[in-house]
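Structure file coords-v1.pdb (PDB, C-alpha atoms) is printed below.
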ATOM      1  CA  MET P 182     -45.715 -45.419  -0.253  1.00  0.00           C
ATOM      2  CA  SER P 183     -42.261 -44.099   0.095  1.00  0.00           C
ATOM      3  CA  GLU P 184     -40.735 -43.633   3.480  1.00  0.00           C
ATOM      4  CA  SER P 185     -39.626 -40.175   4.502  1.00  0.00           C
ATOM      5  CA  PRO P 186     -35.954 -39.902   5.463  1.00  0.00           C
ATOM      6  CA  THR P 187     -35.133 -40.099   9.135  1.00  0.00           C
ATOM      7  CA  SER P 188     -33.454 -37.229  10.984  1.00  0.00           C
ATOM      8  CA  ASP P 189     -30.109 -39.077  10.882  1.00  0.00           C
ATOM      9  CA  GLU P 190     -30.341 -39.442   7.117  1.00  0.00           C
ATOM     10  CA  ARG P 191     -31.259 -35.754   6.718  1.00  0.00           C
ATOM     11  CA  ALA P 192     -28.289 -34.733   8.900  1.00  0.00           C
ATOM     12  CA  ALA P 193     -25.985 -36.930   6.822  1.00  0.00           C
ATOM     13  CA  ASP P 194     -27.351 -35.327   3.618  1.00  0.00           C
ATOM     14  CA  GLU P 195     -26.788 -31.825   5.048  1.00  0.00           C
ATOM     15  CA  ILE P 196     -23.206 -32.718   5.949  1.00  0.00           C
ATOM     16  CA  ASP P 197     -22.678 -34.084   2.438  1.00  0.00           C
ATOM     17  CA  ASP P 198     -24.184 -30.914   0.932  1.00  0.00           C
ATOM     18  CA  GLU P 199     -21.615 -28.705   2.631  1.00  0.00           C
ATOM     19  CA  ILE P 200     -18.202 -28.583   0.998  1.00  0.00           C
ATOM     20  CA  ASP P 201     -15.334 -28.117   3.396  1.00  0.00           C
ATOM     21  CA  ASP P 202     -13.339 -24.887   3.015  1.00  0.00           C
ATOM     22  CA  GLU P 203     -10.116 -26.880   2.724  1.00  0.00           C
ATOM     23  CA  ILE P 204     -11.534 -28.752  -0.274  1.00  0.00           C
ATOM     24  CA  ILE P 205     -12.511 -25.453  -1.892  1.00  0.00           C
ATOM     25  CA  VAL P 206      -9.011 -24.056  -1.340  1.00  0.00           C
ATOM     26  CA  GLN P 207      -7.350 -27.158  -2.779  1.00  0.00           C
ATOM     27  CA  VAL P 208      -9.619 -27.302  -5.841  1.00  0.00           C
ATOM     28  CA  SER P 209      -9.259 -23.559  -6.423  1.00  0.00           C
ATOM     29  CA  ASP P 210      -5.460 -23.847  -6.294  1.00  0.00           C
ATOM     30  CA  TYR P 211      -5.742 -26.845  -8.636  1.00  0.00           C
ATOM     31  CA  LEU P 212      -7.740 -24.802 -11.140  1.00  0.00           C
ATOM     32  CA  ASP P 213      -5.326 -21.849 -10.803  1.00  0.00           C
ATOM     33  CA  GLY P 214      -2.360 -24.136 -11.434  1.00  0.00           C
ATOM     34  CA  ALA P 215      -0.784 -23.077  -8.148  1.00  0.00           C
ATOM     35  CA  LEU P 216      -0.141 -26.577  -6.791  1.00  0.00           C
ATOM     36  CA  ALA P 217       3.117 -28.508  -7.019  1.00  0.00           C
ATOM     37  CA  GLU P 218       2.984 -31.656  -9.168  1.00  0.00           C
ATOM     38  CA  PRO P 219       2.512 -34.208  -6.344  1.00  0.00           C
ATOM     39  CA  ALA P 220      -0.285 -32.165  -4.744  1.00  0.00           C
ATOM     40  CA  ARG P 221      -1.837 -31.533  -8.172  1.00  0.00           C
ATOM     41  CA  ALA P 222      -1.913 -35.269  -8.904  1.00  0.00           C
ATOM     42  CA  GLU P 223      -3.455 -35.962  -5.487  1.00  0.00           C
ATOM     43  CA  VAL P 224      -6.218 -33.379  -6.025  1.00  0.00           C
ATOM     44  CA  ALA P 225      -6.899 -34.745  -9.534  1.00  0.00           C
ATOM     45  CA  ARG P 226      -7.205 -38.254  -8.055  1.00  0.00           C
ATOM     46  CA  LYS P 227      -9.617 -37.018  -5.359  1.00  0.00           C
ATOM     47  CA  ILE P 228     -11.721 -35.178  -7.953  1.00  0.00           C
ATOM     48  CA  ALA P 229     -11.968 -38.365 -10.012  1.00  0.00           C
ATOM     49  CA  GLU P 230     -12.847 -40.611  -7.059  1.00  0.00           C
ATOM     50  CA  ASP P 231     -14.718 -38.544  -4.453  1.00  0.00           C
ATOM     51  CA  ALA P 232     -18.199 -37.119  -5.124  1.00  0.00           C
ATOM     52  CA  THR P 233     -17.681 -34.125  -2.789  1.00  0.00           C
ATOM     53  CA  TRP P 234     -14.453 -33.155  -4.517  1.00  0.00           C
ATOM     54  CA  LYS P 235     -16.090 -33.673  -7.916  1.00  0.00           C
ATOM     55  CA  ARG P 236     -19.016 -31.426  -6.911  1.00  0.00           C
ATOM     56  CA  ALA P 237     -16.624 -28.748  -5.596  1.00  0.00           C
ATOM     57  CA  HIS P 238     -14.687 -28.905  -8.877  1.00  0.00           C
ATOM     58  CA  ALA P 239     -17.889 -28.569 -10.920  1.00  0.00           C
ATOM     59  CA  GLU P 240     -19.150 -25.623  -8.812  1.00  0.00           C
ATOM     60  CA  LEU P 241     -15.836 -23.760  -8.982  1.00  0.00           C
ATOM     61  CA  THR P 242     -15.537 -24.375 -12.724  1.00  0.00           C
ATOM     62  CA  GLU P 243     -19.054 -23.061 -13.258  1.00  0.00           C
ATOM     63  CA  THR P 244     -18.362 -20.017 -11.059  1.00  0.00           C
ATOM     64  CA  ARG P 245     -15.203 -19.278 -13.039  1.00  0.00           C
ATOM     65  CA  ARG P 246     -17.157 -19.550 -16.289  1.00  0.00           C
ATOM     66  CA  PHE P 247     -19.753 -17.053 -15.048  1.00  0.00           C
ATOM     67  CA  LEU P 248     -17.122 -14.650 -13.738  1.00  0.00           C
ATOM     68  CA  SER P 249     -15.130 -14.755 -16.957  1.00  0.00           C
ATOM     69  CA  GLY P 250     -18.269 -13.747 -18.856  1.00  0.00           C
ATOM     70  CA  LEU P 251     -18.599 -10.504 -16.924  1.00  0.00           C
ATOM     71  CA  GLN P 252     -17.306  -7.419 -18.658  1.00  0.00           C
ATOM     72  CA  LYS P 253     -15.267  -4.823 -16.829  1.00  0.00           C
ATOM     73  CA  ALA P 254     -16.976  -1.471 -16.548  1.00  0.00           C
ATOM     74  CA  HIS P 255     -14.704   1.365 -17.609  1.00  0.00           C
ATOM     75  CA  ALA P 256     -15.200   4.953 -16.556  1.00  0.00           C
ATOM     76  CA  ARG P 257     -15.610   7.438 -19.375  1.00  0.00           C
ATOM     77  CA  PRO P 258     -12.509   9.554 -20.069  1.00  0.00           C
ATOM     78  CA  GLU P 259     -13.968  12.800 -18.728  1.00  0.00           C
ATOM     79  CA  PHE P 260     -15.146  11.199 -15.454  1.00  0.00           C
ATOM     80  CA  THR P 261     -12.209  12.491 -13.359  1.00  0.00           C
ATOM     81  CA  ALA P 262     -12.571  16.029 -14.672  1.00  0.00           C
ATOM     82  CA  ASP P 263     -16.339  15.955 -14.018  1.00  0.00           C
ATOM     83  CA  VAL P 264     -15.890  14.767 -10.424  1.00  0.00           C
ATOM     84  CA  THR P 265     -13.167  17.337  -9.771  1.00  0.00           C
ATOM     85  CA  SER P 266     -15.283  20.191 -11.117  1.00  0.00           C
ATOM     86  CA  LYS P 267     -18.307  19.036  -9.093  1.00  0.00           C
ATOM     87  CA  ILE P 268     -16.251  18.941  -5.867  1.00  0.00           C
ATOM     88  CA  HIS P 269     -14.833  22.359  -6.696  1.00  0.00           C
ATOM     89  CA  GLU P 270     -18.357  23.733  -7.194  1.00  0.00           C
ATOM     90  CA  ARG P 271     -19.789  22.285  -3.990  1.00  0.00           C
ATOM     91  CA  SER P 272     -16.808  23.085  -1.770  1.00  0.00           C
ATOM     92  CA  ALA P 273     -16.530  26.685  -2.969  1.00  0.00           C
ATOM     93  CA  GLY P 274     -12.831  26.133  -3.633  1.00  0.00           C
ATOM     94  CA  ARG P 275     -11.904  24.961  -0.126  1.00  0.00           C
ATOM     95  CA  PHE P 276     -10.305  21.746  -1.388  1.00  0.00           C
ATOM     96  CA  PHE P 277      -8.692  23.270  -4.457  1.00  0.00           C
ATOM     97  CA  GLY P 278      -7.112  26.476  -3.176  1.00  0.00           C
ATOM     98  CA  ARG P 279      -3.888  27.894  -4.497  1.00  0.00           C
ATOM     99  CA  ARG P 280      -1.004  25.543  -4.025  1.00  0.00           C
ATOM    100  CA  THR P 281       1.891  26.891  -2.032  1.00  0.00           C
ATOM    101  CA  PHE P 282       5.582  26.453  -2.828  1.00  0.00           C
ATOM    102  CA  GLY P 283       5.789  23.600  -0.314  1.00  0.00           C
ATOM    103  CA  ASP P 284       2.961  21.753  -2.083  1.00  0.00           C
ATOM    104  CA  ARG P 285       4.668  21.945  -5.467  1.00  0.00           C
ATOM    105  CA  VAL P 286       8.221  21.039  -4.399  1.00  0.00           C
ATOM    106  CA  PRO P 287       8.868  17.686  -2.708  1.00  0.00           C
ATOM    107  CA  PHE P 288       9.982  17.729   0.926  1.00  0.00           C
ATOM    108  CA  GLY P 289      13.244  15.902   0.130  1.00  0.00           C
ATOM    109  CA  VAL P 290      14.319  18.622  -2.293  1.00  0.00           C
ATOM    110  CA  LEU P 291      13.574  21.342   0.265  1.00  0.00           C
ATOM    111  CA  LEU P 292      15.570  19.434   2.878  1.00  0.00           C
ATOM    112  CA  VAL P 293      18.609  19.060   0.596  1.00  0.00           C
ATOM    113  CA  VAL P 294      18.545  22.774  -0.329  1.00  0.00           C
ATOM    114  CA  ALA P 295      18.271  23.778   3.344  1.00  0.00           C
ATOM    115  CA  LEU P 296      21.190  21.530   4.370  1.00  0.00           C
ATOM    116  CA  ALA P 297      23.314  22.838   1.497  1.00  0.00           C
ATOM    117  CA  GLY P 298      22.524  26.416   2.581  1.00  0.00           C
ATOM    118  CA  LEU P 299      23.522  25.665   6.165  1.00  0.00           C
ATOM    119  CA  LEU P 300      26.790  24.109   5.006  1.00  0.00           C
ATOM    120  CA  VAL P 301      27.605  27.175   2.883  1.00  0.00           C
ATOM    121  CA  ILE P 302      26.858  29.543   5.777  1.00  0.00           C
ATOM    122  CA  GLY P 303      28.953  27.383   8.107  1.00  0.00           C
ATOM    123  CA  TYR P 304      31.891  27.394   5.682  1.00  0.00           C
ATOM    124  CA  ILE P 305      31.718  31.165   5.269  1.00  0.00           C
ATOM    125  CA  LEU P 306      31.720  31.696   9.034  1.00  0.00           C
ATOM    126  CA  TRP P 307      34.527  29.200   9.506  1.00  0.00           C
ATOM    127  CA  SER P 308      36.767  30.787   6.892  1.00  0.00           C
ATOM    128  CA  SER P 309      36.024  34.411   7.806  1.00  0.00           C
ATOM    129  CA  SER P 310      38.857  36.685   8.928  1.00  0.00           C
ATOM    130  CA  THR P 311      37.175  37.317  12.265  1.00  0.00           C
ATOM    131  CA  GLY P 312      37.258  33.611  12.997  1.00  0.00           C
ATOM    132  CA  SER P 313      33.852  33.594  14.599  1.00  0.00           C
ATOM    133  CA  LEU P 314      33.703  29.775  14.578  1.00  0.00           C
ATOM    134  CA  LYS P 315      37.367  29.168  15.277  1.00  0.00           C
ATOM    135  CA  VAL P 316      38.900  29.220  18.713  1.00  0.00           C
ATOM    136  CA  ASP P 317      42.502  30.311  18.745  1.00  0.00           C
ATOM    137  CA  HIS P 318      44.033  29.183  22.038  1.00  0.00           C
ATOM    138  CA  THR P 319      47.427  30.704  21.258  1.00  0.00           C
ATOM    139  CA  ARG P 320      46.245  34.316  21.333  1.00  0.00           C
ATOM    140  CA  GLU P 321      45.602  36.263  24.449  1.00  0.00           C
ATOM    141  CA  PRO P 322      42.048  37.319  24.950  1.00  0.00           C
ATOM    142  CA  ARG P 323      41.497  40.951  24.114  1.00  0.00           C
ATOM    143  CA  PRO P 324      39.287  43.145  26.264  1.00  0.00           C
ATOM    144  CA  HIS P 325      35.994  44.186  24.835  1.00  0.00           C
ATOM    145  CA  PRO P 326      35.791  47.734  23.496  1.00  0.00           C
ATOM    146  CA  GLY P 327      34.591  50.143  26.100  1.00  0.00           C
ATOM    147  CA  SER P 328      35.876  48.078  29.007  1.00  0.00           C
ATOM    148  CA  ALA P 329      38.062  49.513  31.752  1.00  0.00           C
ATOM    149  CA  ALA P 330      40.951  47.178  30.961  1.00  0.00           C
ATOM    150  CA  VAL P 331      44.282  48.785  30.156  1.00  0.00           C
ATOM    151  CA  LEU P 332      45.815  47.812  26.855  1.00  0.00           C
ATOM    152  CA  PRO P 333      49.617  47.369  26.719  1.00  0.00           C
TER     153      PRO P 333
END
Here is a file; write its structure as structure tokens.
Amino acid sequence: MSESPTSDERAADEIDDEIDDEIIVQVSDYLDGALAEPARAEVARKIAEDATWKRAHAELTETRRFLSGLQKAHARPEFTADVTSKIHERSAGRFFGRRTFGDRVPFGVLLVVALAGLLVIGYILWSSSTGSLKVDHTREPRPHPGSAAVLP
């Protein structure tokens, strides 16, 4: 008759069955070619000598093989148009209303045009004959029309 393993032996087997996350990271980087040469040589040595590292390498290699066999699913060309029309139908046009001028023109362009307009208006006021933006300290202030001040 064969003896059943003791609880200590089962615990040791369970610990051996688990692969440490750090080992997985190192082996994954090794397979990706992301390790520097000294670290790469160290991981290759550990894979050759240590059973846990060897098992992690075999599992990751097998996982990569399975993943590389999967094909990417591509959406059919008319998918976007179909989804857009379905949303438009169900929302009764709430999401696809008429676009306003502000929606069609970028904010930066509107800002530049507004600043240019303000600069033009400021220049016109500054250079006007009435001098509405200039302060002439050499002239005497004139009374407002309709005031009771006596003009010389």
Name the residues in contact with range 204-220 of chain P at a cut-off of 10 Å, using only C-alpha atoms, excluding same-chain residues fewer than 4 positions from it; report them as a PyMOL selection string. chain P and resi 200+224-228+233-235+237-242+245
Range 198-215 of chain P: axis-aligned bounding box, 8 Å on each side, centre and edge lengths in Å, one decimal, as JSON:
{"center_x": -12.5, "center_y": -26.4, "center_z": -4.0, "size_x": 39.4, "size_y": 25.1, "size_z": 30.8}
Separation of CA of Leu291 in chain P and CA of Gly303 in chain P, in Å?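 Computed distance, CA of Leu291 in chain P to CA of Gly303 in chain P, equals 18.3 Å.
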Point-to-point distance from CA of Thr311 in chain P to CA of Val294 in chain P, Å rounded to tenths: 26.8 Å
Rounded to one decimal place, report the CA of Arg271 in chain P-CA of Pro258 in chain P distance in Å.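 Answer for the CA of Arg271 in chain P to CA of Pro258 in chain P separation: 21.8 Å.
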